[in-house]
Amino acid sequence: MDSIEKLKDIFKKFPTVGQRTAGRFVYYLMKLPKEGVDELIGAIQELKNKIKLCELCFNPFEPYDNSVLCQICKNPSRNKNLLCVVEKETDLLSIENTKKYNGLYFILGGTVSLMRKEDIPILRIEELKKRIKDGNFSEIIIALNPTPEGRATSVLVENSIKEITSDVKITHLAKGIPVGGELEYADEETLESALEGRK
Ligand SMILES: [Zn+2]
């Protein structure tokens with residue numbers, strides 16, 4: 001495969017990037033001076049070398065000391081009785097952006113279809129159970145996308161929580177996020193009312 005096609009194939013795997021955008025990226029890079037290319041390569045390597053996953057919530061963060069916890073888990077003013085389970089980092093960011101949530105998070109790492117049981121191991125279900133056992137939560141909000149996969153995963157998560165405790169209230173986001181839509185594309189107001197109306 002020639003180098004243009006090879007790079008295009010790599011870019012095509014990026015979220016939201018299709019054939020045409022991948023091509024534009026490649027031609028942009030071809031015109032970039034060598035220093036620009038070196039800067040890009042360096043930034044990507046730095047990202048891989050510096051970023052850690054938080055030991056409690058799996059949020060990626062850049063440690064400035066030897067900390068193993070992200071800024072959210074480390075923050076003493078966050079409500080440690082509330083846990084919000086999300087699919088991925090960008091969902092956490094969307095909820096943070098509403099500024100209406102002051103609890104902790106847990107990033108599940110994906111969603112699965114119940115039809116495809118082989119997908120289930122990608123989820124951090126065991127890690128979640130451990131987190132709940134170790135924590136002191138009074139409410140767990142399952143904030144997954146209202147897609148078929150999100151709903152199937154919500155059921156799986158809820159059942160897994162019930163296996164280990166019956167003392168915790170389990171809630172879901174209120175309806176309002178368009179059916180089949182995704183948290184990360186919902187506007188702040190919609191997400192805010194889905195969060196406030198959770199039950
Ligand atoms: Zn964390």
# chains A, B, ... in the order shown; residues from 1 in each chain; ligands from 1
$ residues_near_ligand --ligand "ligand 1" --cutoff "6 Å" --atoms "only C-alpha atoms and all ligand atoms" --output "MDAnalysis selection string"
chainID A and resid 54 56:59 69:70 72:73
$ residues_around --residues "range 160-174 of chain A" --least-positions-apart "3" --cutoff "10 Å" --atoms "only C-alpha atoms" --output "NGL selection string"
:A and (81-85 or 125-126 or 128-130 or 132-133 or 136-146 or 154-157 or 177 or 190-199)
$ write_last_selection --atoms "N, CA and C atoms" --output "CSV table (one decimal), in the first residue's frame"
chain,number,residue,atom,x,y,z
A,81,ASN,N,-21.0,10.4,47.7
A,81,ASN,CA,-22.1,9.5,47.8
A,81,ASN,C,-22.9,9.3,46.5
A,82,LEU,N,-22.5,10.0,45.5
A,82,LEU,CA,-23.1,10.0,44.2
A,82,LEU,C,-22.2,9.4,43.1
A,83,LEU,N,-22.6,8.4,42.4
A,83,LEU,CA,-21.7,7.9,41.3
A,83,LEU,C,-22.5,7.9,40.0
A,84,CYS,N,-21.9,8.5,39.0
A,84,CYS,CA,-22.5,8.5,37.7
A,84,CYS,C,-21.8,7.6,36.7
A,85,VAL,N,-22.5,6.6,36.2
A,85,VAL,CA,-21.8,5.6,35.3
A,85,VAL,C,-22.0,6.1,33.8
A,125,ILE,N,-17.2,-4.1,34.1
A,125,ILE,CA,-18.2,-4.4,35.1
A,125,ILE,C,-17.6,-4.9,36.4
A,126,GLU,N,-16.5,-5.7,36.4
A,126,GLU,CA,-15.9,-6.1,37.6
A,126,GLU,C,-15.3,-5.0,38.4
A,128,LEU,N,-16.3,-1.9,38.2
A,128,LEU,CA,-17.4,-1.1,38.7
A,128,LEU,C,-17.9,-1.7,40.0
A,129,LYS,N,-18.1,-3.1,40.1
A,129,LYS,CA,-18.5,-3.7,41.3
A,129,LYS,C,-17.6,-3.4,42.4
A,130,LYS,N,-16.3,-3.5,42.1
A,130,LYS,CA,-15.3,-3.3,43.2
A,130,LYS,C,-15.4,-1.8,43.6
A,132,ILE,N,-17.9,0.1,43.7
A,132,ILE,CA,-19.1,0.3,44.5
A,132,ILE,C,-19.0,-0.4,45.9
A,133,LYS,N,-18.3,-1.5,45.9
A,133,LYS,CA,-18.1,-2.2,47.2
A,133,LYS,C,-17.1,-1.3,48.1
A,136,ASN,N,-18.9,4.5,49.1
A,136,ASN,CA,-20.0,4.7,50.1
A,136,ASN,C,-21.1,5.5,49.4
A,137,PHE,N,-21.7,4.8,48.3
A,137,PHE,CA,-22.6,5.5,47.5
A,137,PHE,C,-24.1,5.3,48.0
A,138,SER,N,-24.8,6.4,47.9
A,138,SER,CA,-26.2,6.3,48.2
A,138,SER,C,-27.1,6.2,46.9
A,139,GLU,N,-26.5,6.8,45.9
A,139,GLU,CA,-27.2,6.7,44.6
A,139,GLU,C,-26.2,6.5,43.5
A,140,ILE,N,-26.6,5.7,42.5
A,140,ILE,CA,-25.8,5.4,41.3
A,140,ILE,C,-26.7,5.8,40.1
A,141,ILE,N,-26.2,6.8,39.3
A,141,ILE,CA,-26.9,7.2,38.2
A,141,ILE,C,-26.4,6.5,36.9
A,142,ILE,N,-27.2,5.7,36.3
A,142,ILE,CA,-26.7,5.1,35.0
A,142,ILE,C,-27.0,6.0,33.9
A,143,ALA,N,-26.0,6.7,33.4
A,143,ALA,CA,-26.2,7.7,32.3
A,143,ALA,C,-25.7,7.2,31.0
A,144,LEU,N,-26.3,6.2,30.4
A,144,LEU,CA,-25.9,5.7,29.1
A,144,LEU,C,-26.8,6.3,28.0
A,145,ASN,N,-26.3,6.2,26.8
A,145,ASN,CA,-27.1,6.8,25.7
A,145,ASN,C,-28.4,6.0,25.5
A,146,PRO,N,-29.4,6.8,25.1
A,146,PRO,CA,-30.7,6.1,24.8
A,146,PRO,C,-30.8,5.4,23.5
A,154,SER,N,-27.4,-0.7,30.1
A,154,SER,CA,-28.0,-0.2,31.4
A,154,SER,C,-28.6,-1.3,32.2
A,155,VAL,N,-29.3,-2.2,31.5
A,155,VAL,CA,-29.9,-3.4,32.2
A,155,VAL,C,-28.8,-4.3,32.8
A,156,LEU,N,-27.7,-4.5,32.0
A,156,LEU,CA,-26.6,-5.3,32.5
A,156,LEU,C,-25.9,-4.7,33.7
A,157,VAL,N,-25.7,-3.3,33.6
A,157,VAL,CA,-25.1,-2.6,34.7
A,157,VAL,C,-26.0,-2.7,36.0
A,177,ILE,N,-33.4,13.3,26.1
A,177,ILE,CA,-32.3,13.1,25.1
A,177,ILE,C,-33.0,12.4,23.9
A,190,THR,N,-30.7,20.3,27.7
A,190,THR,CA,-31.4,19.0,27.6
A,190,THR,C,-30.8,18.0,28.6
A,191,LEU,N,-29.4,18.0,28.6
A,191,LEU,CA,-28.7,17.1,29.5
A,191,LEU,C,-29.0,17.5,31.0
A,192,GLU,N,-29.0,18.8,31.2
A,192,GLU,CA,-29.2,19.3,32.5
A,192,GLU,C,-30.6,18.8,33.1
A,193,SER,N,-31.6,18.9,32.2
A,193,SER,CA,-33.0,18.5,32.7
A,193,SER,C,-33.1,17.0,32.8
A,194,ALA,N,-32.4,16.3,31.9
A,194,ALA,CA,-32.4,14.8,32.0
A,194,ALA,C,-31.7,14.4,33.3
A,195,LEU,N,-30.7,15.1,33.7
A,195,LEU,CA,-30.0,14.8,35.0
A,195,LEU,C,-30.9,15.1,36.2
A,196,GLU,N,-31.5,16.3,36.1
A,196,GLU,CA,-32.3,16.8,37.3
A,196,GLU,C,-33.6,15.9,37.4
A,197,GLY,N,-34.1,15.4,36.3
A,197,GLY,CA,-35.3,14.7,36.3
A,197,GLY,C,-35.1,13.2,36.5
A,198,ARG,N,-33.9,12.8,36.8
A,198,ARG,CA,-33.6,11.3,36.9
A,198,ARG,C,-34.5,10.6,37.9
A,199,LYS,N,-34.8,9.4,37.5
A,199,LYS,CA,-35.6,8.6,38.5
A,199,LYS,C,-35.3,7.1,38.2
$ closest_residue --among "A:Lys80, A:Lys31, A:Arg24, A:Arg151" --to "Lys8 in chain A" --atoms "only C-alpha atoms"
A:Arg24
$ select_by_dssp --residues "range 9-164 of chain A" --states "strand (DSSP E or B)" --output "short mmCIF file (atom, residue, chain, number, x, y, z; two decimals) with N, CA and C atoms, in the first residue's frame"
data_model
loop_
_atom_site.label_atom_id
_atom_site.label_comp_id
_atom_site.auth_asym_id
_atom_site.auth_seq_id
_atom_site.Cartn_x
_atom_site.Cartn_y
_atom_site.Cartn_z
N LYS A 52 -2.41 9.08 32.12
CA LYS A 52 -2.73 7.87 32.89
C LYS A 52 -4.23 7.74 33.01
N LEU A 53 -4.67 6.55 33.37
CA LEU A 53 -6.10 6.38 33.65
C LEU A 53 -6.28 6.45 35.16
N PRO A 60 -9.05 9.58 31.80
CA PRO A 60 -7.65 9.84 31.50
C PRO A 60 -7.24 11.21 32.06
N PHE A 61 -6.06 11.29 32.63
CA PHE A 61 -5.60 12.57 33.17
C PHE A 61 -4.08 12.64 33.10
N LEU A 82 -22.45 10.04 45.50
CA LEU A 82 -23.12 9.96 44.20
C LEU A 82 -22.15 9.44 43.15
N LEU A 83 -22.60 8.43 42.39
CA LEU A 83 -21.74 7.90 41.33
C LEU A 83 -22.52 7.91 40.02
N CYS A 84 -21.90 8.45 38.98
CA CYS A 84 -22.55 8.49 37.67
C CYS A 84 -21.78 7.60 36.72
N VAL A 85 -22.46 6.59 36.19
CA VAL A 85 -21.82 5.64 35.28
C VAL A 85 -22.03 6.11 33.84
N VAL A 86 -20.93 6.36 33.14
CA VAL A 86 -21.03 6.80 31.74
C VAL A 86 -20.28 5.83 30.84
N LEU A 104 -19.30 11.80 41.76
CA LEU A 104 -18.16 11.14 41.11
C LEU A 104 -18.65 10.39 39.86
N TYR A 105 -17.68 9.87 39.11
CA TYR A 105 -18.00 9.17 37.86
C TYR A 105 -17.36 7.79 37.84
N PHE A 106 -17.87 7.01 36.88
CA PHE A 106 -17.20 5.76 36.53
C PHE A 106 -17.35 5.58 35.02
N ILE A 107 -16.23 5.42 34.33
CA ILE A 107 -16.28 5.25 32.87
C ILE A 107 -16.27 3.76 32.54
N GLU A 139 -26.48 6.77 45.88
CA GLU A 139 -27.19 6.75 44.60
C GLU A 139 -26.21 6.52 43.46
N ILE A 140 -26.62 5.66 42.52
CA ILE A 140 -25.83 5.44 41.32
C ILE A 140 -26.68 5.79 40.12
N ILE A 141 -26.20 6.76 39.35
CA ILE A 141 -26.94 7.21 38.16
C ILE A 141 -26.36 6.50 36.95
N ILE A 142 -27.20 5.75 36.26
CA ILE A 142 -26.72 5.09 35.04
C ILE A 142 -27.04 6.03 33.89
#
$ decode --residues "range 3-25 of chain A" --atoms "N, CA and C atoms" --output "PDB file, in the first residue's frame"
ATOM      1  N   SER A   3       2.032   5.215   0.676  1.00  0.00           N
ATOM      2  CA  SER A   3       1.988   5.934   1.950  1.00  0.00           C
ATOM      3  C   SER A   3       0.733   6.805   2.082  1.00  0.00           C
ATOM      4  N   ILE A   4       0.224   7.308   0.951  1.00  0.00           N
ATOM      5  CA  ILE A   4      -0.993   8.121   1.024  1.00  0.00           C
ATOM      6  C   ILE A   4      -2.175   7.273   1.500  1.00  0.00           C
ATOM      7  N   GLU A   5      -2.332   6.118   0.864  1.00  0.00           N
ATOM      8  CA  GLU A   5      -3.445   5.233   1.229  1.00  0.00           C
ATOM      9  C   GLU A   5      -3.323   4.736   2.669  1.00  0.00           C
ATOM     10  N   LYS A   6      -2.100   4.455   3.054  1.00  0.00           N
ATOM     11  CA  LYS A   6      -1.854   3.937   4.393  1.00  0.00           C
ATOM     12  C   LYS A   6      -2.307   4.946   5.459  1.00  0.00           C
ATOM     13  N   LEU A   7      -1.907   6.209   5.250  1.00  0.00           N
ATOM     14  CA  LEU A   7      -2.267   7.245   6.212  1.00  0.00           C
ATOM     15  C   LEU A   7      -3.766   7.527   6.191  1.00  0.00           C
ATOM     16  N   LYS A   8      -4.332   7.502   4.974  1.00  0.00           N
ATOM     17  CA  LYS A   8      -5.786   7.710   4.845  1.00  0.00           C
ATOM     18  C   LYS A   8      -6.546   6.660   5.649  1.00  0.00           C
ATOM     19  N   ASP A   9      -6.085   5.421   5.559  1.00  0.00           N
ATOM     20  CA  ASP A   9      -6.742   4.335   6.290  1.00  0.00           C
ATOM     21  C   ASP A   9      -6.665   4.550   7.799  1.00  0.00           C
ATOM     22  N   ILE A  10      -5.552   5.105   8.253  1.00  0.00           N
ATOM     23  CA  ILE A  10      -5.416   5.388   9.688  1.00  0.00           C
ATOM     24  C   ILE A  10      -6.416   6.473  10.105  1.00  0.00           C
ATOM     25  N   PHE A  11      -6.462   7.560   9.321  1.00  0.00           N
ATOM     26  CA  PHE A  11      -7.373   8.664   9.677  1.00  0.00           C
ATOM     27  C   PHE A  11      -8.840   8.243   9.611  1.00  0.00           C
ATOM     28  N   LYS A  12      -9.146   7.327   8.698  1.00  0.00           N
ATOM     29  CA  LYS A  12     -10.539   6.880   8.559  1.00  0.00           C
ATOM     30  C   LYS A  12     -11.058   6.206   9.831  1.00  0.00           C
ATOM     31  N   LYS A  13     -10.123   5.720  10.654  1.00  0.00           N
ATOM     32  CA  LYS A  13     -10.545   5.068  11.901  1.00  0.00           C
ATOM     33  C   LYS A  13     -10.857   6.081  12.994  1.00  0.00           C
ATOM     34  N   PHE A  14     -10.505   7.364  12.793  1.00  0.00           N
ATOM     35  CA  PHE A  14     -10.790   8.388  13.802  1.00  0.00           C
ATOM     36  C   PHE A  14     -12.303   8.609  13.884  1.00  0.00           C
ATOM     37  N   PRO A  15     -12.816   8.933  15.098  1.00  0.00           N
ATOM     38  CA  PRO A  15     -14.247   9.204  15.209  1.00  0.00           C
ATOM     39  C   PRO A  15     -14.662  10.337  14.267  1.00  0.00           C
ATOM     40  N   THR A  16     -15.784  10.188  13.652  1.00  0.00           N
ATOM     41  CA  THR A  16     -16.427  11.162  12.749  1.00  0.00           C
ATOM     42  C   THR A  16     -15.641  11.455  11.461  1.00  0.00           C
ATOM     43  N   VAL A  17     -14.523  10.808  11.233  1.00  0.00           N
ATOM     44  CA  VAL A  17     -13.743  11.072  10.013  1.00  0.00           C
ATOM     45  C   VAL A  17     -14.103  10.048   8.944  1.00  0.00           C
ATOM     46  N   GLY A  18     -14.544  10.554   7.783  1.00  0.00           N
ATOM     47  CA  GLY A  18     -14.859   9.654   6.670  1.00  0.00           C
ATOM     48  C   GLY A  18     -13.765   9.709   5.626  1.00  0.00           C
ATOM     49  N   GLN A  19     -14.026   9.043   4.516  1.00  0.00           N
ATOM     50  CA  GLN A  19     -13.090   8.956   3.395  1.00  0.00           C
ATOM     51  C   GLN A  19     -12.567  10.338   2.979  1.00  0.00           C
ATOM     52  N   ARG A  20     -13.504  11.283   2.769  1.00  0.00           N
ATOM     53  CA  ARG A  20     -13.122  12.574   2.214  1.00  0.00           C
ATOM     54  C   ARG A  20     -12.266  13.382   3.199  1.00  0.00           C
ATOM     55  N   THR A  21     -12.683  13.410   4.464  1.00  0.00           N
ATOM     56  CA  THR A  21     -11.915  14.155   5.471  1.00  0.00           C
ATOM     57  C   THR A  21     -10.540  13.519   5.647  1.00  0.00           C
ATOM     58  N   ALA A  22     -10.484  12.196   5.635  1.00  0.00           N
ATOM     59  CA  ALA A  22      -9.194  11.505   5.766  1.00  0.00           C
ATOM     60  C   ALA A  22      -8.253  11.960   4.658  1.00  0.00           C
ATOM     61  N   GLY A  23      -8.788  12.085   3.461  1.00  0.00           N
ATOM     62  CA  GLY A  23      -7.993  12.559   2.330  1.00  0.00           C
ATOM     63  C   GLY A  23      -7.493  13.976   2.559  1.00  0.00           C
ATOM     64  N   ARG A  24      -8.383  14.835   3.079  1.00  0.00           N
ATOM     65  CA  ARG A  24      -7.981  16.230   3.341  1.00  0.00           C
ATOM     66  C   ARG A  24      -6.859  16.294   4.354  1.00  0.00           C
ATOM     67  N   PHE A  25      -6.940  15.460   5.385  1.00  0.00           N
ATOM     68  CA  PHE A  25      -5.883  15.427   6.404  1.00  0.00           C
ATOM     69  C   PHE A  25      -4.541  15.053   5.767  1.00  0.00           C
TER      70      PHE A  25
END
